[in-house]
$ cat structure-v8.cif   # mmCIF, C-alpha atoms and all ligand atoms
data_query
loop_
_atom_site.label_atom_id
_atom_site.label_comp_id
_atom_site.auth_asym_id
_atom_site.auth_seq_id
_atom_site.Cartn_x
_atom_site.Cartn_y
_atom_site.Cartn_z
CA MET Z 1 -45.29 27.01 -43.27
CA ASN Z 2 -48.22 28.39 -41.32
CA ASP Z 3 -51.78 27.08 -41.20
CA ASP Z 4 -53.19 30.21 -42.77
CA SER Z 5 -52.79 29.17 -46.39
CA PRO Z 6 -55.99 29.61 -48.39
CA THR Z 7 -58.37 26.69 -48.27
CA ALA Z 8 -61.77 28.25 -48.79
CA ASP Z 9 -63.45 27.88 -52.16
CA GLY Z 10 -65.83 30.13 -54.02
CA GLU Z 11 -63.67 33.28 -54.21
CA GLY Z 12 -63.41 33.38 -57.97
CA PRO Z 13 -60.29 32.46 -59.91
CA ARG Z 14 -57.10 31.64 -58.05
CA ILE Z 15 -54.04 33.30 -59.51
CA LEU Z 16 -50.47 32.35 -58.62
CA VAL Z 17 -47.89 35.10 -59.12
CA THR Z 18 -44.13 34.47 -59.26
CA ASN Z 19 -41.01 36.09 -60.78
CA ASP Z 20 -37.25 35.73 -61.00
CA ASP Z 21 -36.24 39.18 -59.74
CA GLY Z 22 -37.21 38.21 -56.19
CA ILE Z 23 -39.88 38.99 -53.61
CA GLN Z 24 -38.77 42.64 -53.26
CA SER Z 25 -39.08 43.48 -56.94
CA PRO Z 26 -41.40 46.38 -57.85
CA GLY Z 27 -42.32 44.45 -61.00
CA LEU Z 28 -43.71 41.63 -58.85
CA ALA Z 29 -45.78 44.10 -56.83
CA ALA Z 30 -47.10 45.64 -60.05
CA LEU Z 31 -48.13 42.23 -61.38
CA ALA Z 32 -49.87 41.30 -58.11
CA GLN Z 33 -51.65 44.64 -58.26
CA ALA Z 34 -52.70 43.92 -61.86
CA MET Z 35 -54.15 40.53 -60.87
CA ALA Z 36 -55.81 41.52 -57.58
CA PRO Z 37 -59.19 42.59 -59.09
CA LEU Z 38 -59.46 39.30 -61.02
CA GLY Z 39 -59.55 36.81 -58.15
CA ARG Z 40 -57.70 35.39 -55.17
CA VAL Z 41 -54.01 36.18 -55.61
CA VAL Z 42 -51.13 34.28 -54.00
CA VAL Z 43 -47.58 35.50 -54.56
CA VAL Z 44 -44.80 32.91 -54.22
CA ALA Z 45 -41.44 34.27 -55.31
CA PRO Z 46 -37.72 33.63 -54.79
CA ASP Z 47 -36.28 35.29 -51.66
CA ARG Z 48 -33.60 36.95 -53.82
CA GLU Z 49 -32.94 37.66 -57.45
CA ARG Z 50 -32.71 34.49 -59.55
CA SER Z 51 -32.53 36.01 -63.02
CA ALA Z 52 -31.13 33.61 -65.65
CA ALA Z 53 -31.91 30.63 -63.39
CA GLY Z 54 -33.71 29.02 -66.31
CA HIS Z 55 -35.96 26.11 -65.36
CA ALA Z 56 -33.72 24.81 -62.57
CA LEU Z 57 -35.37 22.79 -59.80
CA THR Z 58 -33.65 22.49 -56.41
CA ILE Z 59 -33.49 18.79 -55.57
CA HIS Z 60 -30.32 18.38 -53.49
CA ARG Z 61 -31.30 20.40 -50.43
CA PRO Z 62 -34.54 21.21 -48.60
CA LEU Z 63 -36.55 24.28 -49.50
CA ARG Z 64 -38.15 26.68 -47.00
CA LEU Z 65 -41.40 28.51 -47.56
CA HIS Z 66 -41.80 31.72 -45.53
CA ARG Z 67 -44.71 34.12 -45.24
CA ALA Z 68 -43.54 37.52 -46.47
CA ALA Z 69 -44.31 40.73 -44.62
CA ASP Z 70 -46.70 43.00 -46.49
CA PRO Z 71 -44.76 45.82 -48.10
CA GLU Z 72 -45.70 49.18 -46.65
CA GLY Z 73 -47.95 51.29 -48.79
CA ASP Z 74 -48.29 48.58 -51.43
CA ALA Z 75 -51.65 48.58 -53.17
CA ALA Z 76 -51.60 44.82 -53.76
CA ALA Z 77 -51.02 44.12 -50.07
CA SER Z 78 -54.01 46.21 -49.08
CA ALA Z 79 -56.10 44.22 -51.57
CA GLY Z 80 -55.48 41.07 -49.50
CA VAL Z 81 -52.76 39.51 -51.59
CA GLU Z 82 -51.02 36.65 -49.77
CA ARG Z 83 -47.21 36.69 -50.16
CA TRP Z 84 -44.64 33.96 -49.64
CA HIS Z 85 -40.94 33.63 -50.44
CA VAL Z 86 -38.84 30.55 -51.11
CA ASP Z 87 -35.05 30.03 -51.01
CA GLY Z 88 -35.22 28.57 -54.50
CA THR Z 89 -35.87 29.24 -58.16
CA PRO Z 90 -39.04 30.43 -59.92
CA ALA Z 91 -39.75 26.83 -61.01
CA ASP Z 92 -39.33 25.73 -57.36
CA CYS Z 93 -41.84 28.41 -56.30
CA VAL Z 94 -44.55 27.23 -58.69
CA HIS Z 95 -43.80 23.57 -58.04
CA LEU Z 96 -44.16 24.06 -54.27
CA ALA Z 97 -47.15 26.37 -54.45
CA VAL Z 98 -49.34 24.12 -56.62
CA PRO Z 99 -51.53 22.96 -54.97
CA ARG Z 100 -50.10 23.58 -51.49
CA LEU Z 101 -50.84 27.31 -51.44
CA THR Z 102 -53.62 27.38 -54.00
CA GLY Z 103 -56.45 25.87 -52.01
CA GLY Z 104 -55.64 22.22 -52.65
CA ARG Z 105 -56.25 22.39 -56.37
CA PRO Z 106 -54.32 23.87 -59.30
CA PRO Z 107 -54.73 27.63 -59.69
CA ASP Z 108 -56.68 28.97 -62.65
CA LEU Z 109 -53.72 31.03 -63.86
CA VAL Z 110 -49.99 31.29 -63.25
CA VAL Z 111 -48.34 34.64 -64.02
CA SER Z 112 -44.63 35.47 -63.80
CA GLY Z 113 -42.92 38.86 -63.76
CA ILE Z 114 -43.00 41.64 -64.47
CA ASN Z 115 -39.33 41.12 -65.26
CA ARG Z 116 -36.88 43.99 -65.21
CA GLY Z 117 -35.66 43.67 -68.81
CA LEU Z 118 -36.89 41.97 -71.97
CA ASN Z 119 -37.16 38.23 -72.48
CA VAL Z 120 -37.16 37.94 -76.26
CA GLY Z 121 -35.40 35.61 -78.69
CA ASP Z 122 -32.76 33.46 -77.03
CA ASP Z 123 -33.36 35.20 -73.67
CA VAL Z 124 -36.28 32.79 -73.32
CA THR Z 125 -33.89 29.86 -72.86
CA TYR Z 126 -32.14 31.46 -69.88
CA SER Z 127 -35.10 33.27 -68.38
CA GLY Z 128 -36.34 32.40 -64.91
CA THR Z 129 -39.37 34.59 -65.60
CA VAL Z 130 -40.43 32.44 -68.55
CA ALA Z 131 -39.57 29.27 -66.59
CA GLY Z 132 -41.94 30.27 -63.78
CA ALA Z 133 -44.76 30.49 -66.30
CA LEU Z 134 -43.60 27.35 -68.09
CA GLU Z 135 -43.77 25.40 -64.84
CA GLY Z 136 -47.42 26.40 -64.67
CA ALA Z 137 -47.92 25.31 -68.29
CA LEU Z 138 -46.27 21.95 -67.53
CA LEU Z 139 -48.88 21.52 -64.79
CA HIS Z 140 -51.53 22.29 -67.45
CA VAL Z 141 -52.40 25.64 -65.89
CA PRO Z 142 -52.76 28.58 -68.31
CA ALA Z 143 -49.69 30.74 -67.82
CA LEU Z 144 -48.34 34.18 -68.73
CA ALA Z 145 -44.82 35.58 -68.52
CA PHE Z 146 -44.36 39.38 -68.46
CA SER Z 147 -41.15 41.32 -69.07
CA ALA Z 148 -40.51 45.01 -69.63
CA GLU Z 149 -37.84 46.79 -71.61
CA ILE Z 150 -35.56 49.00 -69.50
CA GLY Z 151 -35.82 52.61 -70.62
CA ALA Z 152 -32.94 54.84 -71.67
CA ALA Z 153 -32.71 56.27 -68.14
CA GLY Z 154 -32.58 52.78 -66.61
CA GLN Z 155 -36.17 53.05 -65.44
CA ILE Z 156 -39.34 51.04 -66.04
CA ASP Z 157 -42.80 52.54 -65.73
CA TRP Z 158 -44.41 49.48 -64.13
CA GLY Z 159 -47.80 51.14 -63.90
CA ARG Z 160 -47.92 51.40 -67.68
CA CYS Z 161 -47.82 47.57 -67.90
CA VAL Z 162 -50.66 46.99 -65.43
CA PRO Z 163 -53.76 47.59 -67.62
CA PHE Z 164 -52.57 45.32 -70.43
CA ALA Z 165 -51.45 42.56 -68.02
CA ARG Z 166 -54.85 42.69 -66.34
CA ALA Z 167 -56.78 42.66 -69.63
CA LEU Z 168 -54.77 39.76 -71.07
CA ALA Z 169 -55.12 37.74 -67.85
CA ALA Z 170 -58.87 38.36 -67.79
CA GLY Z 171 -59.08 37.21 -71.41
CA VAL Z 172 -57.09 34.04 -70.71
CA LEU Z 173 -59.20 33.26 -67.64
CA GLU Z 174 -62.25 33.50 -69.89
CA ARG Z 175 -60.94 31.82 -73.05
CA GLY Z 176 -58.31 29.45 -71.61
CA LEU Z 177 -55.15 28.31 -73.41
CA PRO Z 178 -54.32 24.91 -74.93
CA ALA Z 179 -52.75 22.57 -72.34
CA GLY Z 180 -49.02 23.13 -71.99
CA ILE Z 181 -48.99 26.57 -73.63
CA LEU Z 182 -47.89 29.87 -72.12
CA LEU Z 183 -47.92 33.39 -73.50
CA ASN Z 184 -44.65 35.31 -73.29
CA VAL Z 185 -45.41 39.02 -73.10
CA ASN Z 186 -42.84 41.80 -73.57
CA PHE Z 187 -43.52 45.50 -73.05
CA PRO Z 188 -41.55 48.16 -74.95
CA ALA Z 189 -40.18 51.15 -73.06
CA GLY Z 190 -42.54 54.06 -73.44
CA ARG Z 191 -46.16 54.12 -74.39
CA PRO Z 192 -47.00 51.06 -76.57
CA ARG Z 193 -48.09 51.78 -80.14
CA GLY Z 194 -50.08 48.55 -80.31
CA VAL Z 195 -49.99 44.79 -79.71
CA ARG Z 196 -48.45 42.12 -81.99
CA TRP Z 197 -48.87 38.34 -81.98
CA THR Z 198 -45.29 37.21 -82.56
CA ARG Z 199 -42.98 34.22 -82.75
CA GLN Z 200 -39.84 33.80 -80.67
CA GLY Z 201 -37.19 35.58 -82.69
CA THR Z 202 -33.51 34.86 -82.93
CA ARG Z 203 -30.61 37.01 -81.98
CA ARG Z 204 -27.01 36.08 -81.69
CA TYR Z 205 -25.25 36.46 -78.39
CA ARG Z 206 -21.58 37.15 -78.33
CA ALA Z 207 -20.87 35.08 -75.23
CA THR Z 208 -18.13 36.78 -73.30
CA SER Z 209 -16.64 36.35 -69.88
CA ILE Z 210 -14.55 39.00 -68.22
CA GLU Z 211 -11.45 37.95 -66.28
CA ARG Z 212 -10.31 39.97 -63.27
CA ARG Z 213 -8.10 39.38 -60.24
CA ASP Z 214 -9.23 39.22 -56.64
CA PRO Z 215 -7.15 40.95 -53.88
CA ALA Z 216 -5.09 37.76 -53.46
CA GLY Z 217 -4.25 37.78 -57.16
CA ARG Z 218 -6.44 34.81 -58.05
CA PRO Z 219 -8.46 35.03 -61.27
CA TYR Z 220 -12.23 35.23 -61.24
CA PHE Z 221 -14.65 35.41 -64.13
CA TRP Z 222 -17.85 37.27 -64.73
CA ILE Z 223 -20.25 36.03 -67.41
CA ASP Z 224 -21.43 38.85 -69.59
CA GLN Z 225 -23.66 38.24 -72.57
CA ILE Z 226 -23.62 40.96 -75.12
CA ASP Z 227 -26.57 41.10 -77.44
CA MET Z 228 -25.38 41.09 -81.01
CA THR Z 229 -27.83 41.60 -83.79
CA PRO Z 230 -31.48 40.75 -83.67
CA THR Z 231 -32.07 38.83 -86.87
CA GLY Z 232 -35.31 40.34 -87.94
CA GLU Z 233 -38.11 37.96 -88.69
CA SER Z 234 -40.95 40.26 -89.62
CA ASP Z 235 -43.20 38.57 -87.04
CA GLY Z 236 -40.46 38.09 -84.43
CA ASP Z 237 -40.67 39.35 -80.86
CA HIS Z 238 -37.69 41.71 -81.27
CA ARG Z 239 -39.27 43.38 -84.24
CA ALA Z 240 -42.45 44.17 -82.32
CA ILE Z 241 -40.43 45.72 -79.48
CA ASP Z 242 -38.20 47.66 -81.90
CA GLU Z 243 -41.36 49.11 -83.40
CA GLY Z 244 -42.76 50.08 -80.00
CA CYS Z 245 -45.44 47.39 -79.71
CA VAL Z 246 -46.30 44.93 -76.94
CA SER Z 247 -45.19 41.46 -78.10
CA VAL Z 248 -47.20 38.33 -77.22
CA THR Z 249 -45.67 34.96 -78.16
CA PRO Z 250 -47.23 31.54 -77.52
CA LEU Z 251 -44.56 29.09 -76.27
CA HIS Z 252 -44.40 25.45 -75.26
CA ALA Z 253 -41.81 23.23 -73.63
CA ASN Z 254 -41.40 20.59 -76.34
CA ARG Z 255 -38.23 21.41 -78.28
CA THR Z 256 -38.45 18.72 -80.99
CA HIS Z 257 -37.56 20.26 -84.35
CA ALA Z 258 -40.03 18.68 -86.77
CA ALA Z 259 -38.27 19.50 -90.06
CA THR Z 260 -34.93 18.08 -88.86
CA LEU Z 261 -36.68 14.97 -87.55
CA GLU Z 262 -38.12 14.37 -91.02
CA ALA Z 263 -34.73 14.92 -92.67
CA LEU Z 264 -33.00 12.54 -90.22
CA ARG Z 265 -35.35 9.68 -91.13
CA ASP Z 266 -33.32 9.22 -94.36
CA TRP Z 267 -30.11 8.69 -92.38
CA ASP Z 268 -29.61 4.97 -91.82
CA LEU Z 269 -27.73 4.50 -88.55
CA SER Z 270 -28.83 0.88 -88.07
CA GLY Z 271 -25.26 -0.37 -88.53
CA ALA Z 272 -24.01 1.87 -85.76
CA THR Z 273 -25.59 -0.33 -83.09
CA ASP Z 274 -23.72 -3.45 -84.26
CA GLY Z 275 -21.62 -4.84 -81.44
CA ALA Z 276 -23.50 -2.84 -78.80
MN MN Z 301 -35.11 38.84 -63.91
#
$ encode --input "structure-v8.cif" --output "structure tokens"
Amino acid sequence: MNDDSPTADGEGPRILVTNDDGIQSPGLAALAQAMAPLGRVVVVAPDRERSAAGHALTIHRPLRLHRAADPEGDAAASAGVERWHVDGTPADCVHLAVPRLTGGRPPDLVVSGINRGLNVGDDVTYSGTVAGALEGALLHVPALAFSAEIGAAGQIDWGRCVPFARALAAGVLERGLPAGILLNVNFPAGRPRGVRWTRQGTRRYRATSIERRDPAGRPYFWIDQIDMTPTGESDGDHRAIDEGCVSVTPLHANRTHAATLEALRDWDLSGATDGA
């Protein structure tokens, strides 16, 4: 790590940008570009794609933090955005960056994305994009995760996501979020018809793994998750996307299921500890 990390104060909000598609992703550049007018932006992203890394932290080997070259012709770079890459996960990036690269104090906002592909329903569990934001939320920094639906031609119009990302970030910088909460934002392909406040929906995955043979005849497997049916809560994130709207879902890390906890209180397991 160099000595040129930001230390000066008084430059407005500090915004940490990460993703799970890696430092080269156009979605990351778009998000940095969206944030640049709002304050001092530091990008810290995985050095390669880490999609579906979830919230993994790397604890059994050292991590390296490298200053990234400014991408040629990139608008965010010309706006003075500082860029770093890490040989780790999105959660590693945020964990290392706060407060090391954010001026010795927590940033005012952590944003993650813009992911190539939606993170709705059960995707959230696997998503490195959401985990990058969640790591910020765990550090009690307001956090936003952004993901975009891939269009029919396999393309994403990143520029179309920029104005909304900027407006939402500006709003969160002004209003704040409750401690430990992040907003998970998903953009539909095409021009959005509106914005919906949603809950995390459910959809069933048909978990499949494909078996093939390598040139030596040994089997290898490729995990392939096929999306089955979105089960359509009327206020679910899928539904908003299906109807062409931007979906914004507040999330938190605590997974306790309150109704089941109440139901379990009637189950007397006190005898089960006898002889322990
Ligand atoms: Mn990804």
$ residues_near_ligand --input "structure-v8.cif" --ligand "ligand MN 301 (chain Z)" --cutoff "12 Å" --atoms "only C-alpha atoms and all ligand atoms" --output "count of residues only"
45
$ residues_around --input "structure-v8.cif" --residues "Val111 of chain Z" --least-positions-apart "2" --cutoff "6 Å" --atoms "all atoms listed in the file" --output "ChimeraX atom specification"
/Z:17,133,143-145
$ atom_distance --input "structure-v8.cif" --atom1 "atom CA of Arg196 of chain Z" --atom2 "atom CA of Leu16 of chain Z"
25.4 Å
$ residues_around --input "structure-v8.cif" --residues "His85 of chain Z" --least-positions-apart "2" --cutoff "8 Å" --atoms "only C-alpha atoms" --output "JSON, numbers by chain"
{"Z": [23, 44, 45, 46, 47, 65, 66, 67, 68, 83, 87, 93]}
$ closest_residue --input "structure-v8.cif" --among "Z:Gly121, Z:Pro250, Z:Pro219, Z:Gly232" --to "Leu177 of chain Z" --atoms "all atoms listed in the file"
Z:Pro250
$ residues_around --input "structure-v8.cif" --residues "Val172 of chain Z" --least-positions-apart "5" --cutoff "12 Å" --atoms "all atoms listed in the file" --output "PyMOL selection string"
chain Z and resi 13+15+38+108-111+141-144+165-167+177-178+181-183
$ write_last_selection --input "structure-v8.cif" --atoms "C-alpha atoms" --output "mmCIF file, in the frame of the given file"
data_model
loop_
_atom_site.group_PDB
_atom_site.id
_atom_site.type_symbol
_atom_site.label_atom_id
_atom_site.label_comp_id
_atom_site.auth_asym_id
_atom_site.auth_seq_id
_atom_site.Cartn_x
_atom_site.Cartn_y
_atom_site.Cartn_z
ATOM 1 C CA PRO Z 13 -60.290 32.460 -59.910
ATOM 2 C CA ILE Z 15 -54.040 33.300 -59.510
ATOM 3 C CA LEU Z 38 -59.460 39.300 -61.020
ATOM 4 C CA ASP Z 108 -56.680 28.970 -62.650
ATOM 5 C CA LEU Z 109 -53.720 31.030 -63.860
ATOM 6 C CA VAL Z 110 -49.990 31.290 -63.250
ATOM 7 C CA VAL Z 111 -48.340 34.640 -64.020
ATOM 8 C CA VAL Z 141 -52.400 25.640 -65.890
ATOM 9 C CA PRO Z 142 -52.760 28.580 -68.310
ATOM 10 C CA ALA Z 143 -49.690 30.740 -67.820
ATOM 11 C CA LEU Z 144 -48.340 34.180 -68.730
ATOM 12 C CA ALA Z 165 -51.450 42.560 -68.020
ATOM 13 C CA ARG Z 166 -54.850 42.690 -66.340
ATOM 14 C CA ALA Z 167 -56.780 42.660 -69.630
ATOM 15 C CA LEU Z 177 -55.150 28.310 -73.410
ATOM 16 C CA PRO Z 178 -54.320 24.910 -74.930
ATOM 17 C CA ILE Z 181 -48.990 26.570 -73.630
ATOM 18 C CA LEU Z 182 -47.890 29.870 -72.120
ATOM 19 C CA LEU Z 183 -47.920 33.390 -73.500
#
$ axis_aligned_box --input "structure-v8.cif" --around "segment 187-205 of chain Z" --padding-each-side "6 Å" --output "AutoDock Vina command-line options"
--center_x -37.7 --center_y 44.0 --center_z -78.0 --size_x 36.8 --size_y 32.3 --size_z 21.9
$ atom_distance --input "structure-v8.cif" --atom1 "atom CA of Val81 of chain Z" --atom2 "atom CA of Ala29 of chain Z"
9.9 Å
$ atom_distance --input "structure-v8.cif" --atom1 "atom CA of Gly12 of chain Z" --atom2 "atom CA of Trp158 of chain Z"
25.7 Å
$ closest_residue --input "structure-v8.cif" --among "Z:Gly180, Z:Ala170, Z:Pro215, Z:Arg255" --to "Thr125 of chain Z" --atoms "all atoms listed in the file"
Z:Arg255
$ closest_residue --input "structure-v8.cif" --among "Z:Val42, Z:Val195, Z:Ala259, Z:Met35" --to "Gly244 of chain Z" --atoms "all atoms listed in the file"
Z:Val195
